[in-house]
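upload-v1.txt follows; it contains compact mmCIF, C-alpha atoms and all ligand atoms.
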# COMPACT_ATOMS: atom_id res chain seq x y z
CA MET A 60 34.24 -30.55 -51.52
CA SER A 61 36.50 -28.13 -53.35
CA LEU A 62 39.89 -27.29 -51.93
CA ARG A 63 40.98 -23.66 -51.75
CA LEU A 64 44.55 -22.38 -51.77
CA GLY A 65 45.49 -19.44 -49.57
CA VAL A 66 48.89 -18.01 -50.46
CA ASN A 67 50.92 -16.60 -47.59
CA ILE A 68 53.10 -13.73 -48.81
CA ASP A 69 54.99 -13.03 -45.54
CA HIS A 70 58.36 -13.95 -46.95
CA VAL A 71 58.23 -11.39 -49.72
CA ALA A 72 58.30 -8.93 -46.83
CA THR A 73 61.18 -10.86 -45.24
CA ILE A 74 63.27 -10.20 -48.37
CA ARG A 75 62.23 -6.54 -48.49
CA ASN A 76 63.04 -6.05 -44.82
CA ALA A 77 66.47 -7.71 -45.13
CA ARG A 78 67.54 -4.48 -46.86
CA GLY A 79 65.19 -2.10 -45.12
CA ALA A 80 64.07 -1.26 -48.64
CA SER A 81 60.64 -0.60 -50.14
CA TYR A 82 60.78 -3.64 -52.45
CA PRO A 83 59.86 -6.37 -53.20
CA GLU A 84 56.34 -5.40 -52.22
CA PRO A 85 54.14 -8.10 -50.62
CA VAL A 86 51.06 -6.51 -52.19
CA ARG A 87 52.51 -7.01 -55.66
CA ALA A 88 53.05 -10.70 -54.89
CA ALA A 89 49.52 -10.90 -53.50
CA GLU A 90 48.05 -9.45 -56.67
CA LEU A 91 50.09 -11.82 -58.83
CA ALA A 92 49.02 -14.75 -56.66
CA LEU A 93 45.34 -13.86 -57.03
CA ILE A 94 45.71 -13.49 -60.81
CA ALA A 95 47.48 -16.88 -60.88
CA GLY A 96 44.51 -18.53 -59.14
CA ALA A 97 45.06 -18.22 -55.41
CA ASP A 98 41.71 -18.25 -53.62
CA GLY A 99 42.88 -15.86 -50.94
CA ILE A 100 45.86 -14.17 -49.34
CA THR A 101 47.27 -14.93 -45.92
CA ALA A 102 49.53 -12.58 -43.99
CA HIS A 103 50.86 -12.78 -40.43
CA LEU A 104 51.37 -9.48 -38.65
CA ARG A 105 53.82 -10.57 -35.99
CA GLU A 106 54.24 -8.60 -32.79
CA ASP A 107 57.86 -7.81 -33.73
CA ARG A 108 56.82 -6.83 -37.32
CA ARG A 109 59.69 -8.95 -38.65
CA HIS A 110 58.02 -9.35 -42.02
CA ILE A 111 54.52 -7.95 -42.62
CA SER A 112 53.99 -4.37 -41.42
CA ASP A 113 50.87 -2.48 -40.40
CA ALA A 114 51.03 -0.59 -43.72
CA ASP A 115 51.14 -3.94 -45.59
CA ILE A 116 47.93 -5.03 -43.86
CA ALA A 117 46.23 -1.83 -44.99
CA VAL A 118 47.19 -2.26 -48.67
CA LEU A 119 46.51 -6.03 -48.63
CA THR A 120 43.05 -5.35 -47.18
CA ASP A 121 42.35 -2.89 -50.00
CA LEU A 122 43.64 -5.28 -52.66
CA CYS A 123 41.57 -8.22 -51.43
CA HIS A 124 38.54 -6.03 -51.14
CA LYS A 125 39.01 -4.70 -54.69
CA ARG A 126 39.45 -8.22 -56.09
CA GLY A 127 36.67 -9.73 -54.00
CA LYS A 128 39.02 -12.28 -52.44
CA PRO A 129 39.46 -13.10 -48.77
CA LEU A 130 42.33 -11.82 -46.64
CA ASN A 131 43.23 -14.24 -43.87
CA PHE A 132 44.90 -12.23 -41.12
CA GLU A 133 47.14 -14.42 -38.95
CA MET A 134 47.64 -12.99 -35.52
CA ALA A 135 48.64 -13.66 -31.93
CA VAL A 136 45.94 -13.53 -29.28
CA THR A 137 46.82 -10.10 -27.88
CA ASP A 138 44.81 -6.94 -27.32
CA GLU A 139 47.01 -5.07 -29.79
CA MET A 140 46.39 -7.57 -32.60
CA VAL A 141 42.69 -7.88 -31.86
CA GLY A 142 42.47 -4.06 -32.02
CA ILE A 143 44.22 -3.98 -35.41
CA ALA A 144 41.97 -6.74 -36.75
CA LEU A 145 38.85 -4.96 -35.51
CA SER A 146 39.75 -1.90 -37.54
CA ALA A 147 41.07 -3.80 -40.61
CA ARG A 148 37.96 -6.03 -40.61
CA PRO A 149 39.57 -8.90 -42.55
CA HIS A 150 37.43 -11.65 -44.04
CA ALA A 151 39.15 -14.16 -41.75
CA ALA A 152 41.38 -14.14 -38.69
CA CYS A 153 43.58 -17.09 -37.79
CA LEU A 154 44.75 -17.09 -34.17
CA VAL A 155 48.23 -18.53 -33.75
CA PRO A 156 50.63 -18.96 -30.83
CA GLU A 157 53.57 -16.60 -31.05
CA ARG A 158 56.88 -16.47 -29.28
CA ARG A 159 59.30 -13.71 -30.21
CA GLU A 160 62.34 -15.98 -30.31
CA GLU A 161 60.81 -18.59 -32.63
CA VAL A 162 61.83 -18.71 -36.30
CA THR A 163 58.31 -19.68 -37.36
CA THR A 164 55.07 -20.75 -35.67
CA GLU A 165 56.32 -23.85 -33.91
CA GLY A 166 53.25 -25.57 -32.56
CA GLY A 167 49.52 -25.18 -32.35
CA LEU A 168 47.59 -22.93 -30.05
CA ASP A 169 46.79 -24.39 -26.63
CA VAL A 170 43.06 -23.69 -26.71
CA ILE A 171 42.45 -25.66 -23.51
CA LYS A 172 44.88 -23.58 -21.45
CA GLY A 173 43.96 -20.28 -23.11
CA GLN A 174 40.21 -20.97 -23.31
CA ASN A 175 38.95 -17.68 -21.77
CA ARG A 176 41.40 -15.44 -23.62
CA ILE A 177 40.81 -17.20 -26.94
CA ALA A 178 37.03 -17.28 -26.55
CA ASP A 179 37.06 -13.57 -25.75
CA ALA A 180 39.24 -12.69 -28.78
CA THR A 181 37.07 -14.93 -30.99
CA ALA A 182 33.88 -13.24 -29.84
CA ARG A 183 35.34 -9.77 -30.43
CA LEU A 184 36.60 -10.69 -33.92
CA ARG A 185 33.24 -12.17 -34.84
CA THR A 186 31.55 -8.84 -34.07
CA VAL A 187 33.17 -7.39 -37.24
CA GLY A 188 32.21 -10.42 -39.31
CA ALA A 189 35.62 -12.13 -39.30
CA ARG A 190 35.54 -15.88 -39.69
CA VAL A 191 37.75 -17.06 -36.85
CA SER A 192 40.13 -19.94 -37.24
CA LEU A 193 42.33 -21.49 -34.54
CA PHE A 194 45.69 -22.95 -35.57
CA ILE A 195 45.98 -26.18 -33.59
CA GLU A 196 47.61 -29.58 -33.52
CA PRO A 197 45.26 -32.39 -34.64
CA ASP A 198 44.46 -33.25 -31.04
CA PRO A 199 40.83 -34.22 -30.24
CA ASP A 200 40.76 -32.21 -26.99
CA GLN A 201 42.09 -29.10 -28.76
CA ILE A 202 39.44 -29.55 -31.46
CA ARG A 203 36.65 -29.82 -28.87
CA ALA A 204 38.06 -26.78 -27.03
CA SER A 205 38.01 -24.85 -30.34
CA VAL A 206 34.29 -25.50 -30.67
CA ALA A 207 33.78 -24.36 -27.08
CA ALA A 208 35.80 -21.19 -27.81
CA GLY A 209 33.34 -20.23 -30.56
CA ALA A 210 35.64 -20.65 -33.59
CA GLN A 211 34.10 -21.50 -36.96
CA VAL A 212 37.32 -23.00 -38.36
CA VAL A 213 40.35 -24.95 -37.20
CA GLU A 214 43.58 -24.92 -39.17
CA LEU A 215 45.46 -28.14 -38.50
CA HIS A 216 49.23 -27.76 -38.14
CA THR A 217 50.93 -29.87 -40.81
CA GLY A 218 54.51 -28.87 -39.92
CA ALA A 219 55.44 -32.06 -38.06
CA TYR A 220 54.06 -34.23 -40.87
CA CYS A 221 55.96 -32.30 -43.55
CA ASP A 222 59.21 -32.38 -41.55
CA ALA A 223 58.95 -36.15 -40.99
CA ALA A 224 58.06 -36.83 -44.62
CA ARG A 225 60.96 -34.70 -45.91
CA ALA A 226 63.36 -36.44 -43.51
CA GLY A 227 62.28 -39.81 -44.93
CA GLU A 228 60.89 -40.88 -41.54
CA GLU A 229 58.05 -42.84 -43.08
CA ALA A 230 56.59 -44.45 -39.97
CA ARG A 231 56.51 -41.14 -38.09
CA ALA A 232 55.02 -39.33 -41.10
CA GLU A 233 52.32 -42.03 -41.44
CA ALA A 234 51.45 -41.79 -37.75
CA ILE A 235 51.10 -38.00 -37.93
CA LEU A 236 49.08 -38.21 -41.14
CA LYS A 237 46.72 -40.61 -39.37
CA ARG A 238 46.22 -38.05 -36.60
CA LEU A 239 45.60 -35.31 -39.19
CA LYS A 240 42.96 -37.50 -40.87
CA ALA A 241 41.21 -38.31 -37.60
CA GLY A 242 41.41 -34.68 -36.49
CA ALA A 243 39.91 -33.43 -39.76
CA ALA A 244 37.06 -35.95 -39.51
CA LEU A 245 36.31 -35.04 -35.88
CA ALA A 246 36.43 -31.29 -36.52
CA HIS A 247 34.12 -31.67 -39.50
CA ASP A 248 31.69 -33.83 -37.50
CA LEU A 249 31.62 -31.13 -34.82
CA GLY A 250 30.59 -28.56 -37.42
CA LEU A 251 33.93 -26.82 -37.93
CA GLU A 252 35.40 -25.92 -41.32
CA VAL A 253 38.82 -27.56 -41.58
CA HIS A 254 41.95 -25.92 -42.98
CA ALA A 255 45.57 -27.08 -42.92
CA GLY A 256 48.94 -25.46 -43.26
CA HIS A 257 52.61 -25.13 -42.42
CA GLY A 258 55.61 -26.59 -44.16
CA ILE A 259 53.71 -27.85 -47.22
CA ASP A 260 55.68 -28.31 -50.45
CA TYR A 261 55.14 -30.21 -53.73
CA ALA A 262 56.23 -33.48 -52.12
CA THR A 263 53.89 -33.29 -49.13
CA VAL A 264 50.80 -31.58 -50.52
CA LYS A 265 49.02 -34.59 -52.02
CA PRO A 266 48.51 -36.73 -48.89
CA ILE A 267 47.21 -33.63 -47.08
CA ALA A 268 44.99 -32.53 -49.97
CA ALA A 269 43.56 -36.05 -50.06
CA ILE A 270 41.99 -35.61 -46.61
CA PRO A 271 38.40 -35.07 -47.76
CA GLN A 272 37.21 -32.75 -44.98
CA ILE A 273 39.92 -30.15 -45.62
CA ALA A 274 38.52 -27.08 -47.38
CA GLU A 275 41.61 -24.86 -47.53
CA LEU A 276 45.39 -25.08 -47.49
CA ASN A 277 47.55 -22.12 -46.52
CA ILE A 278 51.01 -22.25 -48.07
CA GLY A 279 53.76 -19.66 -47.96
CA HIS A 280 57.44 -20.34 -47.50
CA PHE A 281 57.80 -23.03 -50.15
CA LEU A 282 55.84 -21.10 -52.80
CA ILE A 283 57.80 -17.89 -52.27
CA GLY A 284 61.08 -19.83 -52.38
CA GLU A 285 60.05 -21.70 -55.52
CA ALA A 286 59.00 -18.41 -57.11
CA ILE A 287 62.68 -17.41 -57.20
CA PHE A 288 63.29 -20.19 -59.70
CA VAL A 289 60.08 -20.53 -61.69
CA GLY A 290 58.06 -17.41 -60.86
CA LEU A 291 55.11 -17.18 -58.51
CA PRO A 292 52.35 -17.96 -61.05
CA GLU A 293 54.09 -21.17 -62.16
CA ALA A 294 54.70 -22.25 -58.55
CA ILE A 295 51.03 -21.65 -57.73
CA HIS A 296 49.82 -23.47 -60.88
CA ARG A 297 51.92 -26.50 -60.04
CA MET A 298 50.76 -26.56 -56.41
CA ARG A 299 47.13 -26.24 -57.48
CA ALA A 300 47.56 -29.03 -60.03
CA LEU A 301 48.87 -31.34 -57.29
CA MET A 302 45.98 -30.37 -54.99
CA GLU A 303 43.47 -31.07 -57.75
CA ALA A 304 45.13 -34.37 -58.67
CA ALA A 305 44.82 -35.49 -55.04
CA ARG A 306 41.09 -34.67 -55.07
CA VAL A 307 40.51 -36.44 -58.42
CA GLU A 308 42.27 -39.55 -57.07
CA LEU A 309 40.12 -39.36 -53.95
CA GLU A 310 36.92 -39.22 -56.00
CA ALA A 311 38.07 -42.14 -58.12
CA LEU A 312 38.46 -44.19 -54.93
CA ALA A 313 34.99 -43.27 -53.61
N1 LIG A 401 49.29 -21.46 -41.52
C1 LIG A 401 49.70 -20.83 -40.40
C2 LIG A 401 48.74 -20.67 -39.28
C3 LIG A 401 51.01 -20.31 -40.31
O1 LIG A 401 51.41 -19.70 -39.18
C4 LIG A 401 51.88 -20.43 -41.42
C5 LIG A 401 53.24 -19.83 -41.36
O2 LIG A 401 53.14 -18.45 -41.25
C6 LIG A 401 51.39 -21.07 -42.57
C7 LIG A 401 50.10 -21.60 -42.58
C8 LIG A 401 52.22 -21.23 -43.79
O3 LIG A 401 53.32 -22.01 -43.51
P1 LIG A 401 54.50 -22.11 -44.57
O4 LIG A 401 55.04 -20.72 -44.73
O5 LIG A 401 55.45 -23.05 -43.94
O6 LIG A 401 53.89 -22.63 -45.85
Just give me the structure of the file as C-alpha cells.
Amino acid sequence: MSLRLGVNIDHVATIRNARGASYPEPVRAAELALIAGADGITAHLREDRRHISDADIAVLTDLCHKRGKPLNFEMAVTDEMVGIALSARPHAACLVPERREEVTTEGGLDVIKGQNRIADATARLRTVGARVSLFIEPDPDQIRASVAAGAQVVELHTGAYCDAARAGEEARAEAILKRLKAGAALAHDLGLEVHAGHGIDYATVKPIAAIPQIAELNIGHFLIGEAIFVGLPEAIHRMRALMEAARVELEALA
C-alpha cells in the first residue's frame, strides 16, 4: 500500500497572524508543497481562527481543486464548522476535539461519549461527498465507535508516541507504538482507511510509516519549522524519502 503525505500549512498562518499582516500566505505554501510532492493539503479552521481563516479555506479549496489534489479540512464537531464544510465541500473532513485554551489538539476525539453528535456531523458531511475521518487515540473501543459513527477513516493520534520518543523514553515509546500498530490493524480489519498524525518529525516518521495499514500521514508543525532552515520543498523531499525508506524496509522484511 502506498503512503500519502498530507502537509498541514496552519503554521504559515500563525506567522502571518503574529503581525496581523497579509503574509506569509498559507496558500503560497500549499502550492509549493503540492509542487514539491505533497499528496494533499491539510488545514484546521479553529473556532478562534488563531491561524487559518475563513478566507484561507476559500483560496485553499480553489487551489486544491485547480491542482486536482485533496483538501483535508480539520474541524471541531460544531454546527458552525459543519456549515462551513458543507459549503466549502472539501475532499475530506477530519473531526478533531477542540478546546480554546489548548496550544494544539491534545488528545483524540471521544467518539464513544460524543457518538450521536459525531454520527450526525459525519452523516451531514457525507452528503456533500466529504470523506470523513475521526482523529482518535489508538483505542479499540474508539475505533469500533468510529465505525458505528459512519466514518470512512480514522486518523490515529501519534503525539504521545512522538513526545516519548523525543524525550528518550524508549519503553513508553515502544508501548505506544505497539498500541498504534494494533489500532491500525484493527481499524483496517473493520474496513476503515487508516491515517496518522501529530508531532511527527524526521526522527519519528519511520516507525510510524512502517505500520503497513497506514495510508496517509498528516504533518505540519515540524515541516513548517524545518522550512525556515532548508525551504519547504527540501523539508518535504526529506520527509517523503524517510517515509519511502520505511516502506521499502517493510517490503524487504515481508
Ligand atoms: N492531524 C491532526 C488531526 C491535527 O490536529 C494536527 C495538528 O493540527 C496534525 C495532524 C499535524 O500535527 P503537527 O502539526 O504536529 O505535525
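Proximity of A:Asp260, A:Glu106, A:Glu84, A:Asp113 to ligand LIG 401 (chain A), computed with only C-alpha atoms and all ligand atoms, is greatest for A:Asp260.
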Which residues of chain A come within 6 Å of ligand LIG 401 (chain A), and what is each one's closest atom pair and distance in Å (one decimal), counting only C-alpha atoms and all ligand atoms, sorted by chain and residue number, as a tab-separated table?
residue	atom	partner	partner_atom	distance
A:Val155	CA	A:LIG401	C2	6.0
A:Thr164	CA	A:LIG401	O1	5.2
A:Phe194	CA	A:LIG401	C2	5.3
A:Gly256	CA	A:LIG401	C7	4.1
A:His257	CA	A:LIG401	O3	3.4
A:Gly258	CA	A:LIG401	O5	3.6
A:Ile259	CA	A:LIG401	O6	5.4
A:Asn277	CA	A:LIG401	C7	4.7
A:Ile278	CA	A:LIG401	O6	3.7
A:Gly279	CA	A:LIG401	O4	3.6
A:His280	CA	A:LIG401	O4	3.7
A:Phe281	CA	A:LIG401	O6	5.8
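Considering all atoms listed in the file, the residue among A:Arg190, A:His296, A:Arg105, A:Arg75 positioned nearest to Thr137 of chain A is A:Arg105.
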A straight line from atom CA of Val86 of chain A to atom CA of Val136 of chain A spans 24.5 Å
Nearest residue to Cys123 of chain A out of A:Pro149, A:Gly79, A:Gly188, A:Gly218, using all atoms listed in the file?
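Checking each candidate against Cys123 of chain A, we get A:Pro149 as the closest.
Restricting the calculation to all atoms listed in the file, the smallest distance between Pro83 of chain A and any of A:Ile283, A:Ile267, A:Ile273, A:Val66 is found for A:Ile283.
Between Glu90 of chain A and the candidates A:Ala135, A:Leu249, A:Ala305, A:Leu291, the tightest atom-to-atom separation, counting only C-alpha atoms, involves A:Leu291.
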Selection: 7 Å around segment 171-175 of chain A, all atoms listed in the file, excl. self and same-chain fewer than 6 positions, as a CSV table (one decimal) with C-alpha atoms, keeping the file's coordinate frame:
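Full text of selection-v4.csv as output:
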chain,number,residue,atom,x,y,z
A,201,GLN,CA,42.1,-29.1,-28.8
A,204,ALA,CA,38.1,-26.8,-27.0
A,208,ALA,CA,35.8,-21.2,-27.8
Determine the nearest neighbour of Pro197 of chain A from the options A:Pro85, A:Gly242, A:Gly96, A:Gly209, counting all atoms listed in the file.
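Closest to Pro197 of chain A of all the choices is A:Gly242.
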Per residue of segment 231-272 of chain A within 10 Å of segment 210-214 of chain A, note the shortest atom pair and the distance in Å to one decimal, counting all atoms listed in the file, and order the rows by chain and increasing residue number, as a tab-separated table.
residue	atom	partner	partner_atom	distance
A:Gly242	CA	A:Val213	CA	9.8
A:Ala243	CA	A:Val213	CA	8.9
A:Ala246	CA	A:Val213	CA	7.5
A:His247	CA	A:Val212	CA	9.3
A:Gly250	CA	A:Gln211	CA	7.9
A:Leu251	CA	A:Val212	CA	5.1
A:Glu252	CA	A:Val212	CA	4.6
A:Val253	CA	A:Val213	CA	5.3
A:His254	CA	A:Glu214	CA	4.3
A:Ala255	CA	A:Glu214	CA	4.8
A:Gly256	CA	A:Glu214	CA	6.8
A:His257	CA	A:Glu214	CA	9.6
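Between atom CA of Ala232 of chain A and atom CA of His70 of chain A the interatomic distance comes to 26.3 Å.
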Find the smallest box with edges along x, y and z containing every listed atom of segment 303-312 of chain A, then add 8 Å on each side and report centre and edge lengths in Å to one decimal, as JSON.
{"center_x": 41.0, "center_y": -37.6, "center_z": -56.3, "size_x": 24.2, "size_y": 29.1, "size_z": 20.7}
Identify, on the basis of all atoms listed in the file, every residue whose closest approach to Glu303 of chain A does not exceed 12 Å; exclude the query and any residue fewer than 2 positions from it along the same chain; express the result as a ChimeraX atom specification.
/A:60-64,264-269,271,296-301,305-310
Excluding Lys128 of chain A and its own-chain neighbours fewer than 6 positions away, which residues fall within 10 Å of it when counting only C-alpha atoms? Please give them as a ChimeraX atom specification.
/A:93,97-100,120,122,150
Expressed in Å to a single decimal, how great is the separation between atom CA of Ala151 of chain A and atom CA of Val191 of chain A?
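Taking atom CA of Ala151 of chain A as the start and atom CA of Val191 of chain A as the end point, the length is 5.9 Å.
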Distance query Asp115 of chain A at most 10 Å, all atoms listed in the file, self and fewer than 3 positions along chain excluded, as an mmCIF file with C-alpha atoms, in the frame of the given file:
data_model
loop_
_atom_site.group_PDB
_atom_site.id
_atom_site.type_symbol
_atom_site.label_atom_id
_atom_site.label_comp_id
_atom_site.auth_asym_id
_atom_site.auth_seq_id
_atom_site.Cartn_x
_atom_site.Cartn_y
_atom_site.Cartn_z
ATOM 1 C CA ASP A 69 54.990 -13.030 -45.540
ATOM 2 C CA ALA A 72 58.300 -8.930 -46.830
ATOM 3 C CA GLU A 84 56.340 -5.400 -52.220
ATOM 4 C CA PRO A 85 54.140 -8.100 -50.620
ATOM 5 C CA VAL A 86 51.060 -6.510 -52.190
ATOM 6 C CA ALA A 102 49.530 -12.580 -43.990
ATOM 7 C CA LEU A 104 51.370 -9.480 -38.650
ATOM 8 C CA HIS A 110 58.020 -9.350 -42.020
ATOM 9 C CA ILE A 111 54.520 -7.950 -42.620
ATOM 10 C CA SER A 112 53.990 -4.370 -41.420
ATOM 11 C CA VAL A 118 47.190 -2.260 -48.670
ATOM 12 C CA LEU A 119 46.510 -6.030 -48.630
ATOM 13 C CA THR A 120 43.050 -5.350 -47.180
ATOM 14 C CA ASP A 121 42.350 -2.890 -50.000
#
Quick one: residues within 10 Å of Val187 of chain A, all atoms listed in the file, excluding same-chain residues fewer than 3 positions away - as a list in words?
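That gives Ala144, Leu145, Ser146, Ala147, Arg148, Pro149, His150, Ala182, Arg183, Leu184 and Arg190 of chain A.
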Please complete segment 219-244 of chain A with N, CA, C and O atoms and give it back as a short mmCIF file (atom, residue, chain, number, x, y, z; two decimals), in the coordinates of the input.
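After the write, out-v7.cif holds the following:
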data_model
loop_
_atom_site.label_atom_id
_atom_site.label_comp_id
_atom_site.auth_asym_id
_atom_site.auth_seq_id
_atom_site.Cartn_x
_atom_site.Cartn_y
_atom_site.Cartn_z
N ALA A 219 54.74 -30.84 -38.52
CA ALA A 219 55.44 -32.06 -38.06
C ALA A 219 55.35 -33.15 -39.13
O ALA A 219 56.33 -33.87 -39.38
N TYR A 220 54.19 -33.24 -39.78
CA TYR A 220 54.06 -34.23 -40.87
C TYR A 220 55.05 -33.93 -42.00
O TYR A 220 55.76 -34.83 -42.46
N CYS A 221 55.09 -32.67 -42.41
CA CYS A 221 55.96 -32.30 -43.55
C CYS A 221 57.43 -32.53 -43.20
O CYS A 221 58.21 -33.03 -44.03
N ASP A 222 57.82 -32.18 -41.98
CA ASP A 222 59.21 -32.38 -41.55
C ASP A 222 59.57 -33.86 -41.58
O ASP A 222 60.63 -34.25 -42.08
N ALA A 223 58.67 -34.70 -41.04
CA ALA A 223 58.95 -36.15 -40.99
C ALA A 223 59.01 -36.73 -42.40
O ALA A 223 59.90 -37.52 -42.72
N ALA A 224 58.09 -36.31 -43.25
CA ALA A 224 58.06 -36.83 -44.62
C ALA A 224 59.34 -36.43 -45.37
O ALA A 224 59.95 -37.24 -46.07
N ARG A 225 59.75 -35.18 -45.20
CA ARG A 225 60.96 -34.70 -45.91
C ARG A 225 62.21 -35.39 -45.39
O ARG A 225 63.17 -35.60 -46.12
N ALA A 226 62.20 -35.76 -44.10
CA ALA A 226 63.36 -36.44 -43.51
C ALA A 226 63.36 -37.94 -43.85
O ALA A 226 64.26 -38.67 -43.42
N GLY A 227 62.36 -38.38 -44.56
CA GLY A 227 62.28 -39.81 -44.93
C GLY A 227 61.88 -40.70 -43.76
O GLY A 227 62.04 -41.91 -43.81
N GLU A 228 61.32 -40.09 -42.71
CA GLU A 228 60.89 -40.88 -41.54
C GLU A 228 59.46 -41.35 -41.79
O GLU A 228 58.48 -40.76 -41.32
N GLU A 229 59.36 -42.42 -42.57
CA GLU A 229 58.05 -42.84 -43.08
C GLU A 229 57.06 -43.22 -41.99
O GLU A 229 55.88 -42.83 -42.05
N ALA A 230 57.52 -43.99 -41.01
CA ALA A 230 56.59 -44.45 -39.97
C ALA A 230 56.05 -43.27 -39.18
O ALA A 230 54.85 -43.18 -38.89
N ARG A 231 56.95 -42.32 -38.85
CA ARG A 231 56.51 -41.14 -38.09
C ARG A 231 55.55 -40.30 -38.93
O ARG A 231 54.50 -39.85 -38.46
N ALA A 232 55.89 -40.13 -40.22
CA ALA A 232 55.02 -39.33 -41.10
C ALA A 232 53.64 -39.99 -41.19
O ALA A 232 52.61 -39.31 -41.09
N GLU A 233 53.61 -41.30 -41.35
CA GLU A 233 52.32 -42.03 -41.44
C GLU A 233 51.49 -41.84 -40.19
O GLU A 233 50.27 -41.64 -40.24
N ALA A 234 52.17 -41.93 -39.03
CA ALA A 234 51.45 -41.79 -37.75
C ALA A 234 50.86 -40.39 -37.62
O ALA A 234 49.72 -40.22 -37.18
N ILE A 235 51.62 -39.37 -38.04
CA ILE A 235 51.10 -38.00 -37.93
C ILE A 235 49.97 -37.78 -38.93
O ILE A 235 48.96 -37.14 -38.63
N LEU A 236 50.13 -38.35 -40.12
CA LEU A 236 49.08 -38.21 -41.14
C LEU A 236 47.76 -38.83 -40.64
O LEU A 236 46.68 -38.30 -40.86
N LYS A 237 47.91 -39.96 -39.93
CA LYS A 237 46.72 -40.61 -39.37
C LYS A 237 46.02 -39.68 -38.37
O LYS A 237 44.79 -39.57 -38.36
N ARG A 238 46.81 -38.99 -37.56
CA ARG A 238 46.22 -38.05 -36.60
C ARG A 238 45.55 -36.87 -37.32
O ARG A 238 44.49 -36.39 -36.92
N LEU A 239 46.20 -36.41 -38.42
CA LEU A 239 45.60 -35.31 -39.19
C LEU A 239 44.25 -35.75 -39.78
O LEU A 239 43.28 -35.00 -39.76
N LYS A 240 44.21 -36.99 -40.28
CA LYS A 240 42.96 -37.50 -40.87
C LYS A 240 41.86 -37.59 -39.82
O LYS A 240 40.72 -37.17 -40.04
N ALA A 241 42.21 -38.16 -38.66
CA ALA A 241 41.21 -38.31 -37.60
C ALA A 241 40.77 -36.94 -37.08
O ALA A 241 39.59 -36.72 -36.82
N GLY A 242 41.73 -36.03 -36.96
CA GLY A 242 41.41 -34.68 -36.49
C GLY A 242 40.48 -33.96 -37.45
O GLY A 242 39.51 -33.31 -37.04
N ALA A 243 40.75 -34.09 -38.75
CA ALA A 243 39.91 -33.43 -39.76
C ALA A 243 38.49 -34.00 -39.70
O ALA A 243 37.51 -33.26 -39.77
N ALA A 244 38.39 -35.32 -39.55
CA ALA A 244 37.06 -35.95 -39.51
C ALA A 244 36.30 -35.50 -38.26
O ALA A 244 35.11 -35.15 -38.34
#
